[in-house]
Every structure is written in C-alpha cells, then in structure tokens.
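Next comes final15.txt, a file with compact mmCIF, C-alpha atoms.
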# COMPACT_ATOMS: atom_id res chain seq x y z
CA MET D 1448 21.77 -15.05 0.75
CA GLU D 1449 25.34 -15.38 -0.50
CA LEU D 1450 25.43 -15.80 -4.26
CA TYR D 1451 28.14 -18.43 -4.23
CA LYS D 1452 26.57 -20.79 -1.70
CA LYS D 1453 23.72 -23.28 -2.11
CA PRO D 1454 21.50 -23.87 0.93
CA GLU D 1455 21.57 -27.56 1.76
CA GLY D 1456 18.56 -29.38 0.31
CA ALA D 1457 17.05 -26.29 -1.34
CA GLU D 1458 15.21 -26.90 -4.62
CA THR D 1459 14.21 -24.15 -7.07
CA ARG D 1460 10.68 -24.09 -8.45
CA TRP D 1461 8.80 -21.82 -10.86
CA ILE D 1462 5.03 -22.07 -10.52
CA SER D 1463 2.83 -20.99 -13.44
CA PHE D 1464 0.09 -22.45 -15.58
CA GLU D 1465 2.89 -24.41 -17.27
CA ASN D 1466 3.70 -26.23 -14.01
CA ARG D 1467 1.09 -25.64 -11.35
CA CYS D 1468 2.06 -28.65 -9.22
CA ALA D 1469 5.73 -27.56 -8.95
CA GLY D 1470 6.79 -31.10 -9.74
CA ARG D 1471 10.19 -32.08 -11.10
CA GLY D 1472 10.05 -32.90 -14.80
CA SER D 1473 6.46 -31.58 -14.98
CA ALA D 1474 6.92 -28.19 -16.66
CA GLY D 1475 5.77 -27.10 -20.10
CA LEU D 1476 4.21 -30.40 -21.15
CA GLU D 1477 0.97 -29.20 -22.76
CA ASN D 1478 0.70 -28.80 -26.55
CA ARG D 1479 3.68 -31.16 -26.88
CA GLY D 1480 5.84 -28.68 -25.04
CA SER D 1481 5.13 -25.81 -27.45
CA LYS D 1482 3.90 -23.01 -25.15
CA GLY D 1483 0.64 -24.78 -24.43
CA HIS D 1484 -0.56 -23.00 -21.30
CA ALA D 1485 1.16 -19.66 -20.77
CA PHE D 1486 -2.02 -17.93 -19.62
CA ASP D 1487 -5.58 -18.62 -18.56
CA GLN D 1488 -8.82 -16.71 -18.12
CA LEU D 1489 -10.40 -15.77 -14.80
CA LEU D 1490 -14.18 -15.51 -14.92
CA ALA D 1491 -16.13 -13.01 -12.84
CA GLY D 1492 -16.43 -14.44 -9.33
CA GLU D 1493 -13.83 -17.14 -9.98
CA SER D 1494 -10.70 -17.87 -7.92
CA VAL D 1495 -7.48 -19.55 -8.98
CA ASP D 1496 -4.54 -20.80 -6.93
CA LEU D 1497 -1.31 -19.28 -8.16
CA LEU D 1498 0.57 -21.36 -5.60
CA ASN D 1499 -0.44 -24.27 -3.39
CA VAL D 1500 2.43 -26.28 -1.94
CA GLU D 1501 3.19 -28.29 1.18
CA GLY D 1502 6.51 -28.22 3.04
CA SER D 1503 8.98 -25.55 4.08
CA GLY D 1504 10.22 -22.94 1.67
CA LEU D 1505 10.73 -19.35 0.65
CA VAL D 1506 8.85 -17.34 -1.98
CA THR D 1507 11.50 -15.20 -3.69
CA ARG D 1508 9.60 -13.49 -6.52
CA ILE D 1509 6.05 -12.98 -7.78
CA TRP D 1510 5.33 -11.73 -11.31
CA VAL D 1511 1.84 -11.12 -12.74
CA THR D 1512 0.42 -9.47 -15.83
CA VAL D 1513 -3.19 -9.14 -16.97
CA ASN D 1514 -4.77 -7.77 -20.13
CA ASP D 1515 -7.24 -5.52 -18.27
CA ARG D 1516 -5.20 -3.05 -16.25
CA SER D 1517 -7.98 -0.56 -15.59
CA PRO D 1518 -8.14 0.87 -12.05
CA GLU D 1519 -11.48 -0.87 -11.57
CA MET D 1520 -10.07 -4.29 -12.45
CA LEU D 1521 -6.84 -3.83 -10.50
CA ARG D 1522 -8.90 -2.93 -7.43
CA SER D 1523 -11.38 -5.79 -8.01
CA LEU D 1524 -8.77 -8.54 -8.30
CA ARG D 1525 -8.15 -9.79 -4.75
CA LEU D 1526 -4.80 -11.34 -3.84
CA ASP D 1527 -4.75 -13.62 -0.78
CA ILE D 1528 -1.68 -15.34 0.66
CA THR D 1529 -1.99 -17.96 3.39
CA TRP D 1530 0.90 -19.49 5.36
CA ASP D 1531 1.04 -22.88 7.07
CA ASN D 1532 -2.67 -23.62 6.50
CA ALA D 1533 -3.77 -20.78 8.76
CA THR D 1534 -7.49 -20.10 8.96
CA THR D 1535 -7.10 -16.49 7.74
CA PRO D 1536 -4.78 -15.13 5.03
CA ALA D 1537 -1.77 -13.06 6.09
CA VAL D 1538 -2.14 -11.04 2.88
CA SER D 1539 -5.45 -9.81 1.47
CA ALA D 1540 -5.23 -6.82 -0.87
CA PRO D 1541 -6.23 -5.54 -4.30
CA LEU D 1542 -3.77 -6.75 -6.92
CA GLY D 1543 -2.64 -3.35 -8.17
CA ASP D 1544 -2.21 -1.79 -4.75
CA PHE D 1545 -0.36 -4.81 -3.39
CA PHE D 1546 2.28 -4.45 -6.10
CA GLY D 1547 3.29 -1.00 -4.98
CA VAL D 1548 1.03 1.55 -6.71
CA GLY D 1549 -1.95 3.12 -5.00
CA LEU D 1550 -5.37 3.85 -6.56
CA GLY D 1551 -5.08 0.94 -8.99
CA ARG D 1552 -3.06 3.09 -11.42
CA LYS D 1553 -0.43 1.52 -13.64
CA THR D 1554 2.90 3.26 -14.17
CA ALA D 1555 6.48 2.26 -14.95
CA PHE D 1556 8.75 2.28 -11.89
CA GLU D 1557 11.30 0.32 -9.89
CA ASN D 1558 12.21 0.31 -6.22
CA ALA D 1559 13.75 -2.09 -3.74
CA LEU D 1560 10.63 -4.25 -3.37
CA PHE D 1561 8.46 -3.77 -6.46
CA SER D 1562 8.77 -2.93 -10.14
CA ASP D 1563 6.65 -2.39 -13.21
CA PRO D 1564 9.20 -2.09 -16.01
CA GLU D 1565 6.94 -0.65 -18.71
CA GLY D 1566 3.63 -0.11 -16.92
CA ARG D 1567 2.30 -3.49 -18.06
CA SER D 1568 3.34 -5.96 -15.34
CA PHE D 1569 3.72 -6.42 -11.61
CA ASN D 1570 6.83 -7.70 -9.82
CA CYS D 1571 7.43 -8.31 -6.13
CA SER D 1572 10.77 -9.41 -4.66
CA ILE D 1573 9.88 -9.46 -0.96
CA PRO D 1574 11.17 -12.71 0.63
CA MET D 1575 8.29 -14.68 2.13
CA PRO D 1576 9.22 -17.72 4.27
CA PHE D 1577 6.86 -20.53 5.26
CA ARG D 1578 7.29 -23.66 7.34
CA THR D 1579 4.62 -26.19 6.38
CA ALA D 1580 2.54 -24.78 3.48
CA ALA D 1581 1.96 -21.78 1.23
CA ARG D 1582 -1.04 -20.80 -0.85
CA ILE D 1583 -1.52 -17.76 -3.10
CA THR D 1584 -5.02 -17.18 -4.50
CA LEU D 1585 -6.29 -14.60 -6.98
CA THR D 1586 -10.03 -13.89 -7.09
CA ASN D 1587 -11.86 -11.88 -9.74
CA GLU D 1588 -14.40 -9.87 -7.76
CA SER D 1589 -15.34 -7.69 -10.74
CA GLU D 1590 -18.33 -8.29 -12.98
CA LYS D 1591 -16.14 -8.88 -16.03
CA ARG D 1592 -14.23 -11.83 -17.41
CA LEU D 1593 -10.47 -11.42 -17.31
CA SER D 1594 -9.41 -13.04 -20.57
CA HIS D 1595 -5.62 -13.16 -20.01
CA LEU D 1596 -3.87 -13.87 -16.74
CA PHE D 1597 -0.16 -14.68 -16.82
CA TYR D 1598 1.85 -15.31 -13.65
CA ASP D 1599 5.04 -16.79 -12.26
CA VAL D 1600 5.77 -17.51 -8.59
CA ASP D 1601 9.42 -18.34 -7.92
CA LEU D 1602 10.37 -20.13 -4.72
CA LEU D 1603 12.85 -22.35 -2.97
CA MET D 1604 11.51 -25.56 -1.42
CA ASN D 1605 12.99 -27.52 1.48
CA VAL D 1606 14.45 -24.40 3.06
CA GLN D 1607 14.65 -24.70 6.84
CA HIS D 1608 14.01 -21.58 8.90
CA ALA D 1609 15.34 -20.46 12.26
CA GLN D 1610 12.93 -20.25 15.19
CA ASP D 1611 12.84 -16.44 15.02
CA THR D 1612 11.86 -16.32 11.32
CA LEU D 1613 8.82 -14.10 10.81
CA TYR D 1614 5.87 -14.38 8.40
CA PHE D 1615 5.11 -11.78 5.74
CA HIS D 1616 1.81 -9.89 5.98
CA ALA D 1617 0.10 -7.15 3.98
CA TYR D 1618 -3.07 -5.20 4.71
CA TRP D 1619 -5.07 -2.76 2.56
CA HIS D 1620 -7.98 -0.53 3.47
CA ARG D 1621 -9.68 2.67 2.39
CA GLU D 1622 -11.47 5.57 4.08
CA ALA D 1623 -13.52 7.65 1.66
CA PRO D 1624 -13.49 10.09 3.29
CA ASN D 1625 -11.32 9.83 6.37
CA VAL D 1626 -12.75 10.82 9.75
CA LEU D 1627 -12.22 14.53 10.39
CA GLY D 1628 -9.64 15.14 13.11
CA LYS D 1629 -8.34 11.56 13.20
CA GLU D 1630 -5.31 9.84 11.72
CA PHE D 1631 -5.57 7.34 8.89
CA ASP D 1632 -4.31 4.02 10.23
CA ILE D 1633 -1.61 2.70 7.90
CA LEU D 1634 -1.08 -0.35 10.10
CA PRO D 1635 -3.91 -0.79 12.62
CA GLN D 1636 -2.91 -2.10 16.02
CA VAL D 1637 -1.40 -5.60 15.88
CA THR D 1638 0.05 -7.67 18.70
CA GLY D 1639 3.17 -9.80 18.73
CA CYS D 1640 6.74 -9.33 17.58
CA GLY D 1641 7.73 -8.27 14.11
CA ARG D 1642 8.90 -5.61 11.71
CA PHE D 1643 7.01 -2.83 9.95
CA LEU D 1644 8.38 -2.98 6.42
CA GLY D 1645 6.65 0.08 4.99
CA CYS D 1646 3.66 1.18 2.95
CA ASN D 1647 2.30 2.68 -0.22
CA LEU D 1648 -0.51 5.21 0.12
CA GLY D 1649 -3.06 6.74 -2.22
CA VAL D 1650 -4.96 10.00 -1.79
CA ILE D 1651 -7.83 11.37 -3.87
CA VAL D 1652 -8.09 15.01 -2.87
CA ASP D 1653 -11.51 16.51 -2.18
CA PRO D 1654 -12.03 19.29 -4.78
CA GLY D 1655 -13.89 21.37 -2.22
CA TYR D 1656 -10.55 22.36 -0.68
CA ALA D 1657 -9.79 24.25 -3.91
CA GLY D 1658 -6.41 22.75 -4.70
CA SER D 1659 -4.93 23.53 -1.29
CA TRP D 1660 -2.09 21.36 0.01
CA TRP D 1661 -3.32 18.14 1.59
CA GLY D 1662 -0.03 16.63 2.83
CA GLU D 1663 0.94 18.24 6.13
CA GLY D 1664 0.23 15.14 8.23
CA GLU D 1665 2.91 13.46 10.31
CA VAL D 1666 3.50 9.69 10.39
CA LYS D 1667 3.46 8.25 13.91
CA VAL D 1668 4.37 4.81 15.28
CA TRP D 1669 3.11 3.32 18.55
CA PHE D 1670 4.81 0.28 20.12
CA GLY D 1671 3.23 -2.34 22.37
CA GLY D 1672 -0.16 -0.68 22.75
CA GLU D 1673 1.24 2.49 24.31
CA ASP D 1674 -0.98 5.56 24.63
CA ASN D 1675 1.44 7.92 22.89
CA PRO D 1676 3.66 7.27 19.87
CA THR D 1677 7.39 6.65 20.15
CA LEU D 1678 8.20 7.66 16.56
CA CYS D 1679 6.92 10.81 14.86
CA GLY D 1680 7.78 12.41 11.53
CA THR D 1681 7.40 16.03 10.46
CA GLY D 1682 5.10 15.87 7.42
CA THR D 1683 3.77 13.71 4.61
CA GLU D 1684 6.31 14.62 1.93
CA ASP D 1685 9.02 14.62 4.59
CA TYR D 1686 8.21 10.97 5.36
CA ILE D 1687 9.01 9.99 1.76
CA GLY D 1688 12.26 11.94 1.74
CA THR D 1689 11.33 15.11 -0.15
CA GLY D 1690 10.06 18.52 0.99
CA TRP D 1691 7.80 21.47 0.23
CA GLY D 1692 5.26 19.37 -1.69
CA GLN D 1693 5.85 16.29 -3.81
CA GLY D 1694 6.22 15.57 -7.50
CA VAL D 1695 6.85 12.31 -9.34
CA TYR D 1696 10.01 10.34 -8.52
CA SER D 1697 10.95 6.73 -7.86
CA HIS D 1698 13.86 5.87 -5.55
CA ARG D 1699 14.81 2.56 -3.96
CA HIS D 1700 13.10 3.12 -0.63
CA GLN D 1701 10.89 6.18 -1.13
CA GLY D 1702 8.99 7.84 -3.92
CA CYS D 1703 5.85 9.41 -5.34
CA LEU D 1704 4.63 7.52 -8.42
CA ILE D 1705 1.50 9.56 -9.11
CA ALA D 1706 1.16 13.32 -8.60
CA ASP D 1707 -1.77 14.10 -10.87
CA LYS D 1708 -3.08 17.52 -9.90
CA GLU D 1709 -5.87 17.50 -12.50
CA ALA D 1710 -7.24 14.14 -11.37
CA ARG D 1711 -6.38 15.01 -7.74
CA HIS D 1712 -4.56 11.67 -7.38
CA TYR D 1713 -1.38 11.13 -5.37
CA CYS D 1714 0.39 7.81 -4.77
CA PHE D 1715 3.57 7.53 -2.71
CA TYR D 1716 5.62 4.98 -0.75
CA ARG D 1717 8.27 4.48 1.92
CA TYR D 1718 10.02 1.18 2.65
CA HIS D 1719 12.00 0.87 5.88
CA ILE D 1720 14.82 -1.34 4.66
CA PRO D 1721 17.96 0.64 5.61
CA ASP D 1722 16.08 2.04 8.65
CA PRO D 1723 14.20 -0.96 10.09
CA ILE D 1724 11.25 -0.54 12.42
CA TYR D 1725 11.19 -3.56 14.75
CA PHE D 1726 8.58 -4.09 17.44
CA GLU D 1727 7.82 -6.37 20.36
CA GLY D 1728 4.42 -6.64 21.97
CA GLY D 1729 2.65 -4.89 19.10
CA CYS D 1730 2.67 -1.96 16.71
CA LYS D 1731 0.44 0.68 15.17
CA VAL D 1732 1.31 3.13 12.37
CA ALA D 1733 -0.83 6.11 11.31
CA ILE D 1734 -0.63 9.33 9.33
CA GLN D 1735 -2.40 12.56 10.22
CA THR D 1736 -4.95 13.78 7.66
CA ILE D 1737 -3.80 17.38 7.77
CA GLY D 1738 -3.41 19.99 5.03
CA GLY D 1739 -2.52 23.63 4.79
CA ALA D 1740 -3.23 26.91 3.00
CA ASP D 1741 -3.05 30.63 3.54
CA LYS D 1742 -5.26 31.62 6.46
CA SER D 1743 -7.52 33.68 4.21
CA GLU D 1744 -8.19 30.59 2.07
CA VAL D 1745 -8.96 28.50 5.15
CA VAL D 1746 -11.42 31.15 6.34
CA ARG D 1747 -13.10 31.17 2.91
CA MET D 1748 -13.35 27.36 2.75
CA HIS D 1749 -14.80 27.23 6.25
CA LYS D 1750 -17.46 29.82 5.33
CA GLU D 1751 -18.36 27.73 2.26
CA GLY D 1752 -19.07 24.75 4.49
CA MET D 1753 -15.92 22.65 4.05
CA LYS D 1754 -15.19 20.42 7.01
CA LEU D 1755 -11.91 21.46 8.65
CA ILE D 1756 -10.29 22.01 12.03
CA PRO D 1757 -7.58 24.72 12.15
CA ILE D 1758 -4.55 23.64 14.19
CA SER D 1759 -1.75 26.19 13.67
CA ILE D 1760 -0.69 29.41 11.95
CA ASP D 1761 2.86 30.12 10.79
CA THR D 1762 3.67 33.72 9.81
CA GLY D 1763 7.28 32.90 8.96
CA GLU D 1764 8.45 35.52 11.42
CA GLU D 1765 10.39 34.93 14.62
CA GLY D 1766 7.95 33.72 17.24
CA GLY D 1767 5.20 33.65 14.65
CA PHE D 1768 4.04 30.07 15.11
CA THR D 1769 0.68 29.86 16.90
CA LYS D 1770 -0.56 26.52 18.24
CA LEU D 1771 -4.28 26.90 17.80
CA MET D 1772 -5.16 23.65 19.53
CA ASP D 1773 -3.76 25.07 22.79
CA LEU D 1774 -6.22 27.98 22.63
CA PRO D 1775 -9.86 27.93 23.83
CA GLN D 1776 -12.06 26.16 21.30
CA PRO D 1777 -13.66 26.77 18.86
CA ILE D 1778 -11.16 29.04 17.13
CA ASP D 1779 -12.22 32.28 15.44
CA LEU D 1780 -9.69 32.52 12.60
CA GLU D 1781 -10.86 36.04 11.77
CA SER D 1782 -9.94 37.32 15.21
CA ALA D 1783 -7.65 40.35 15.07
CA GLU D 1784 -5.37 38.58 17.54
CA LEU D 1785 -4.51 35.90 14.96
CA SER D 1786 -2.11 37.11 12.27
CA GLY D 1787 -2.31 35.89 8.72
CA GLY D 1788 0.03 33.25 7.38
CA TRP D 1789 0.14 29.56 6.58
CA CYS D 1790 -2.64 27.72 8.38
CA ASN D 1791 -2.57 23.97 8.90
CA PHE D 1792 -5.90 22.20 9.38
CA TRP D 1793 -7.43 18.74 9.69
CA ARG D 1794 -9.44 17.88 6.58
CA GLU D 1795 -11.32 15.07 4.83
CA ASP D 1796 -10.03 13.33 1.70
CA ASP D 1797 -10.14 9.83 0.23
CA TRP D 1798 -7.28 7.79 1.75
CA SER D 1799 -6.22 4.24 0.97
CA GLY D 1800 -3.08 2.31 1.70
CA THR D 1801 -1.24 -0.99 1.68
CA CYS D 1802 1.08 -1.74 4.58
CA TYR D 1803 3.68 -4.50 4.62
CA PHE D 1804 4.99 -6.12 7.76
CA TYR D 1805 6.47 -9.28 9.24
CA LEU D 1806 4.87 -10.92 12.27
CA ASP D 1807 5.52 -13.96 14.47
CA ASN D 1808 2.08 -15.30 13.54
CA PRO D 1809 1.21 -16.95 10.20
CA ALA D 1810 -2.48 -16.02 10.41
CA GLY D 1811 -4.04 -12.77 9.31
CA VAL D 1812 -4.83 -10.59 12.33
CA LEU D 1813 -6.56 -7.58 10.73
CA PRO D 1814 -10.09 -7.03 9.35
CA ALA D 1815 -11.18 -8.70 6.13
CA LEU D 1816 -10.71 -6.86 2.85
CA GLN D 1817 -13.45 -4.39 1.96
CA LEU D 1818 -15.93 -5.24 -0.79
CA ALA D 1819 -14.82 -4.75 -4.39
CA ALA D 1820 -17.47 -2.11 -5.02
CA ASP D 1821 -16.12 -0.02 -2.15
CA ARG D 1822 -12.52 -0.57 -3.25
CA ALA D 1823 -13.11 0.45 -6.86
CA ALA D 1824 -15.59 3.32 -6.52
CA GLY D 1825 -14.57 6.70 -7.91
CA LEU D 1826 -11.23 5.71 -9.44
CA THR D 1827 -11.82 6.45 -13.12
CA VAL D 1828 -9.44 9.06 -14.50
CA PRO D 1829 -10.71 10.99 -17.59
CA VAL D 1830 -8.47 10.36 -20.61
CA ALA D 1831 -7.43 13.49 -22.45
CA VAL D 1832 -8.10 13.69 -26.20
CA GLY D 1833 -5.14 12.24 -28.09
CA SER D 1834 -3.80 10.38 -25.05
CA ASN D 1835 -2.59 6.80 -25.55
CA SER D 1836 -2.68 5.94 -21.83
Just dump the structure as structure tokens.
Amino acid sequence: MELYKKPEGAETRWISFENRCAGRGSAGLENRGSKGHAFDQLLAGESVDLLNVEGSGLVTRIWVTVNDRSPEMLRSLRLDITWDNATTPAVSAPLGDFFGVGLGRKTAFENALFSDPEGRSFNCSIPMPFRTAARITLTNESEKRLSHLFYDVDLLMNVQHAQDTLYFHAYWHREAPNVLGKEFDILPQVTGCGRFLGCNLGVIVDPGYAGSWWGEGEVKVWFGGEDNPTLCGTGTEDYIGTGWGQGVYSHRHQGCLIADKEARHYCFYRYHIPDPIYFEGGCKVAIQTIGGADKSEVVRMHKEGMKLIPISIDTGEEGGFTKLMDLPQPIDLESAELSGGWCNFWREDDWSGTCYFYLDNPAGVLPALQLAADRAAGLTVPVAVGSNS
C-alpha cells in the first residue's frame, strides 16, 4: 500500500479492551477515560473475542502480551481466526507458536512477519483480508487463570477486495515422535489455489541419538496432488539459508531462534516472501526426518536399540557416496563392502510446526487443533542456578 494514498472509504480501527466494539468515539471511556480497561483476565476454560466485526476489511497488525509466558501456557492458549462467518476457523494454533517461535519458548527477535522486541510480547504484521466478517478468539485451555491479557488488533474497515484476493490460514500440529521413515507434514495436502507463505518449526531431539545431528532432512513441495514433489531442498539448515549445522540468528525471511543443545530444543523459520510459492489445484509441504553421524556411531546406536533407517554413506572421497536405499534391504552397516564415513539415517524426534498460507477458501480445511495436554507435554526447560530467564 502506497504511504501517500488513502484507500477510498477505508477507516482505521484499533480493537482492544478499551474499544471492543470498534465504534467511532467509543474508545477509552471506562474509569472516566483514565486507563480503565487496558487488560483483562482469562479464566481456565474461558474464551474471549479479541475481534468480532462485520463488513469488509483488512487486519494489519496483531499485538498480544500476557503475564504468564511459560511454555505450558503459551501452548495452552488457543488462537482461532474465522473469516466471513465460516463454519471452521482458518487459523487454529497455540498462541506462542503462531507468533513465530516454536516450542512455546519466548525470545527477543524480529523478522519480516513477526517480532518480540524484548521477549515479553507478540507481534504479527501479516495482512489478513476479509469480505463480510472477521473474528479472532483466544481460549485458555490450561488449568490456570491467566491474570493479565493485553491485546491490540489493528485493522482497516470498508476496504474492498479484488476477486482474486486470498484468505490467510495457519495450521499447527505435533508428532511426538514422528513416524520413522516418513516426512513430517509442514502443510498437509490442501486443495484450491493459494500461496504457501512459510513456516516455523520446533524440534525436541531424542537423547537416545547421543547428540548426533538431526537436521539432514530435505523440504519438499507437491503441487495439485501430484505423486512426486516439484520442489526439493538439500537439507534442513540449507532450507533456512545457513549450512553445516545451525546456531542462533534472526534474519528477515529465515532464522533459527532457539538452538539449545543442553535442552535439545531447536526452533527455526523460513518465510517465502521474496521467493513466493504459488499453487493451483492444491499443495503439500513436508520435511524429511533425517539425521546423520559417523557410521560407527550409527552402528552403535542401532545395536543399542535406537530406531533408525540408514540411507547413505559419504566418505568425502571422489565417488565415495553410497546410496544405501538402492541396495538390497535390510542393510548391514558393518559389511566390509561399506566404507566408513558420514551416514545419514531416518530417525524419530519430537516435531512440531506452524505453517502459514493463503487460500481461496475462507474456511479451515485441515484437522482440528490437538488437545492442550498433547500440545504442552514435555516442554519444560530446566532453569540453571542463577539464571533470570
């Protein structure tokens, strides 16, 4: 939108507890106008509408902060967004994960779509158009009272949209663990026309793999229900623009916000803004759950009962890449015919992810959000003595 032009008929609104109806001349009236309703509580099991308006418009910004920012609470707060009075929400995700950080962990960062300036708030600047109605609901699915909820939804009302304008969607799910030998679906198969905007992913590494590298998997994209993917990356850290492992960094369109080796937590993102992924007829996006280690380590882990499927060995020498999946199965890694080297293998870890996409359908088309107990299980990170985090 050009900064120096005003869309005809557009009206700016800020929705918060200080003006929940979005009416003109209706803001900040409680307590005689002296900050009378900046926040509210959200009881266990209770829901509150952060936005509920009729008409056409465009959500331009969402800001939220809460006093309890524990991983358990951030995974137990459910954010639903419904467009044009659809029967199912287009967005249904845990609050913390929706705002760009996996595993419900708070950290200061900024990128093109989300920010958390000091690790205490959540900001989203994804444009979200609607034609006849918009509703944003927050539900406390924990067993605790949330004593302080502040929020602000900024939008333009009376904005008319072209016929090809798409609706914003977001989907979160978790596999703990993932299915051995299968990809983790970032965006499960959807039908229709749209744009895959990107994702943030969280991995809790299984300690049984003894600190070996978990991120060898390639991201793949299928279009229109095809049997084989059209797009394919080269590795997990490669997908987010780095290489040879990943540490902590935050760039506009790619980054790794958590790389906690002790807690075995990794959170990373990629947003396809300068490199759009458009689709017609449908789309599916997945990442392989593949890791790697020296062959001797893979042999040891296999003997100790860890679930794994060896897929390749790279000796680093010319012609030294062996495609194990092309050989008769099962593979005997200790065979004298197989040289030592770096061995990639399918493995099982705890994967979760939020994907963001636009679709030509206002209704949610993917499975309902998993139960809060399943979302929040096993997230607690031990706090070191003397830590103020």
Determine, for each residue of region 1654-1681 of chain D having at least one atom at most 12 Å from an atom of region 1704-1710 of chain D, the closest pair of atoms and their separation in Å to one decimal, counting all atoms listed in the file; order by chain and ascending number, as CSV.
residue,atom,partner,partner_atom,distance
D:Pro1654,CA,D:Ala1710,CA,9.6
D:Ala1657,CA,D:Lys1708,CA,11.2
D:Gly1658,CA,D:Lys1708,CA,8.1
D:Ser1659,CA,D:Lys1708,CA,10.7
D:Trp1660,CA,D:Lys1708,CA,10.7
D:Trp1661,CA,D:Lys1708,CA,11.5
D:Gly1662,CA,D:Ala1706,CA,12.0
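Closest approach to Phe1546 (chain D) among D:Asn1466, D:Ser1759, D:Thr1512, D:Ser1473: D:Thr1512, based on only C-alpha atoms.
Proximity to Gly1504 (chain D) was assessed for D:Arg1479, D:Arg1578, D:Arg1467, D:Arg1522 counting only C-alpha atoms; the smallest distance is recorded for D:Arg1578.
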If we count all atoms listed in the file, what is near Lys1770 (chain D) at a cut-off of 9 Å, once residues fewer than 6 positions away on the same chain are taken out, given as a PDB file with C-alpha atoms, in the frame of the given file?
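Output contents, as saved in part.pdb:
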ATOM      1  CA  ILE D1758      -4.550  23.640  14.190  1.00  0.00           C
ATOM      2  CA  SER D1759      -1.750  26.190  13.670  1.00  0.00           C
ATOM      3  CA  ILE D1760      -0.690  29.410  11.950  1.00  0.00           C
ATOM      4  CA  ASP D1761       2.860  30.120  10.790  1.00  0.00           C
TER       5      ASP D1761
END
Can you tell me which residues surround Gly1543 (chain D) at a distance of at most 8 Å, considering all atoms listed in the file, apart from same-chain residues fewer than 3 positions away, and format the answer as a list of chain:residue names?
D:Pro1518, D:Leu1521, D:Arg1522, D:Phe1546, D:Gly1547, D:Val1548, D:Gly1549, D:Leu1550, D:Gly1551, D:Arg1552, D:Lys1553, D:Phe1569
Convert the current residue selection to file output with C-alpha atoms, as an mmCIF file, in the coordinates of the input.
data_model
loop_
_atom_site.group_PDB
_atom_site.id
_atom_site.type_symbol
_atom_site.label_atom_id
_atom_site.label_comp_id
_atom_site.auth_asym_id
_atom_site.auth_seq_id
_atom_site.Cartn_x
_atom_site.Cartn_y
_atom_site.Cartn_z
ATOM 1 C CA PRO D 1518 -8.140 0.870 -12.050
ATOM 2 C CA LEU D 1521 -6.840 -3.830 -10.500
ATOM 3 C CA ARG D 1522 -8.900 -2.930 -7.430
ATOM 4 C CA PHE D 1546 2.280 -4.450 -6.100
ATOM 5 C CA GLY D 1547 3.290 -1.000 -4.980
ATOM 6 C CA VAL D 1548 1.030 1.550 -6.710
ATOM 7 C CA GLY D 1549 -1.950 3.120 -5.000
ATOM 8 C CA LEU D 1550 -5.370 3.850 -6.560
ATOM 9 C CA GLY D 1551 -5.080 0.940 -8.990
ATOM 10 C CA ARG D 1552 -3.060 3.090 -11.420
ATOM 11 C CA LYS D 1553 -0.430 1.520 -13.640
ATOM 12 C CA PHE D 1569 3.720 -6.420 -11.610
#
Can region 1522-1538 of chain D be brought up to N, CA and C atoms and written out as a compact mmCIF listing (two decimals), in the frame of the given file?
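After the write, rebuild-v1.txt holds the following:
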# COMPACT_ATOMS: atom_id res chain seq x y z
N ARG D 1522 -8.36 -2.98 -8.77
CA ARG D 1522 -8.90 -2.93 -7.43
C ARG D 1522 -9.85 -4.10 -7.15
N SER D 1523 -10.40 -4.71 -8.19
CA SER D 1523 -11.38 -5.79 -8.01
C SER D 1523 -10.72 -7.16 -7.96
N LEU D 1524 -9.50 -7.29 -8.43
CA LEU D 1524 -8.77 -8.54 -8.30
C LEU D 1524 -8.19 -8.62 -6.89
N ARG D 1525 -8.58 -9.64 -6.15
CA ARG D 1525 -8.15 -9.79 -4.75
C ARG D 1525 -7.05 -10.84 -4.64
N LEU D 1526 -5.93 -10.45 -4.05
CA LEU D 1526 -4.80 -11.34 -3.84
C LEU D 1526 -4.76 -11.76 -2.38
N ASP D 1527 -4.84 -13.07 -2.13
CA ASP D 1527 -4.75 -13.62 -0.78
C ASP D 1527 -3.55 -14.55 -0.68
N ILE D 1528 -2.81 -14.44 0.41
CA ILE D 1528 -1.68 -15.34 0.66
C ILE D 1528 -1.84 -15.92 2.06
N THR D 1529 -1.79 -17.25 2.14
CA THR D 1529 -1.99 -17.96 3.39
C THR D 1529 -0.78 -18.82 3.70
N TRP D 1530 -0.28 -18.73 4.94
CA TRP D 1530 0.90 -19.49 5.36
C TRP D 1530 0.50 -20.61 6.31
N ASP D 1531 1.12 -21.76 6.14
CA ASP D 1531 1.04 -22.88 7.07
C ASP D 1531 -0.40 -23.28 7.39
N ASN D 1532 -1.27 -23.21 6.38
CA ASN D 1532 -2.67 -23.62 6.50
C ASN D 1532 -3.43 -22.85 7.59
N ALA D 1533 -3.06 -21.61 7.79
CA ALA D 1533 -3.77 -20.78 8.76
C ALA D 1533 -5.22 -20.57 8.32
N THR D 1534 -6.07 -20.26 9.27
CA THR D 1534 -7.49 -20.10 8.96
C THR D 1534 -7.81 -18.77 8.29
N THR D 1535 -6.91 -17.80 8.39
CA THR D 1535 -7.10 -16.49 7.74
C THR D 1535 -5.83 -16.13 6.97
N PRO D 1536 -5.97 -15.49 5.81
CA PRO D 1536 -4.78 -15.13 5.03
C PRO D 1536 -3.97 -14.02 5.70
N ALA D 1537 -2.66 -14.11 5.58
CA ALA D 1537 -1.77 -13.06 6.09
C ALA D 1537 -1.75 -11.86 5.15
N VAL D 1538 -2.07 -12.10 3.89
CA VAL D 1538 -2.14 -11.04 2.88
C VAL D 1538 -3.53 -11.08 2.26
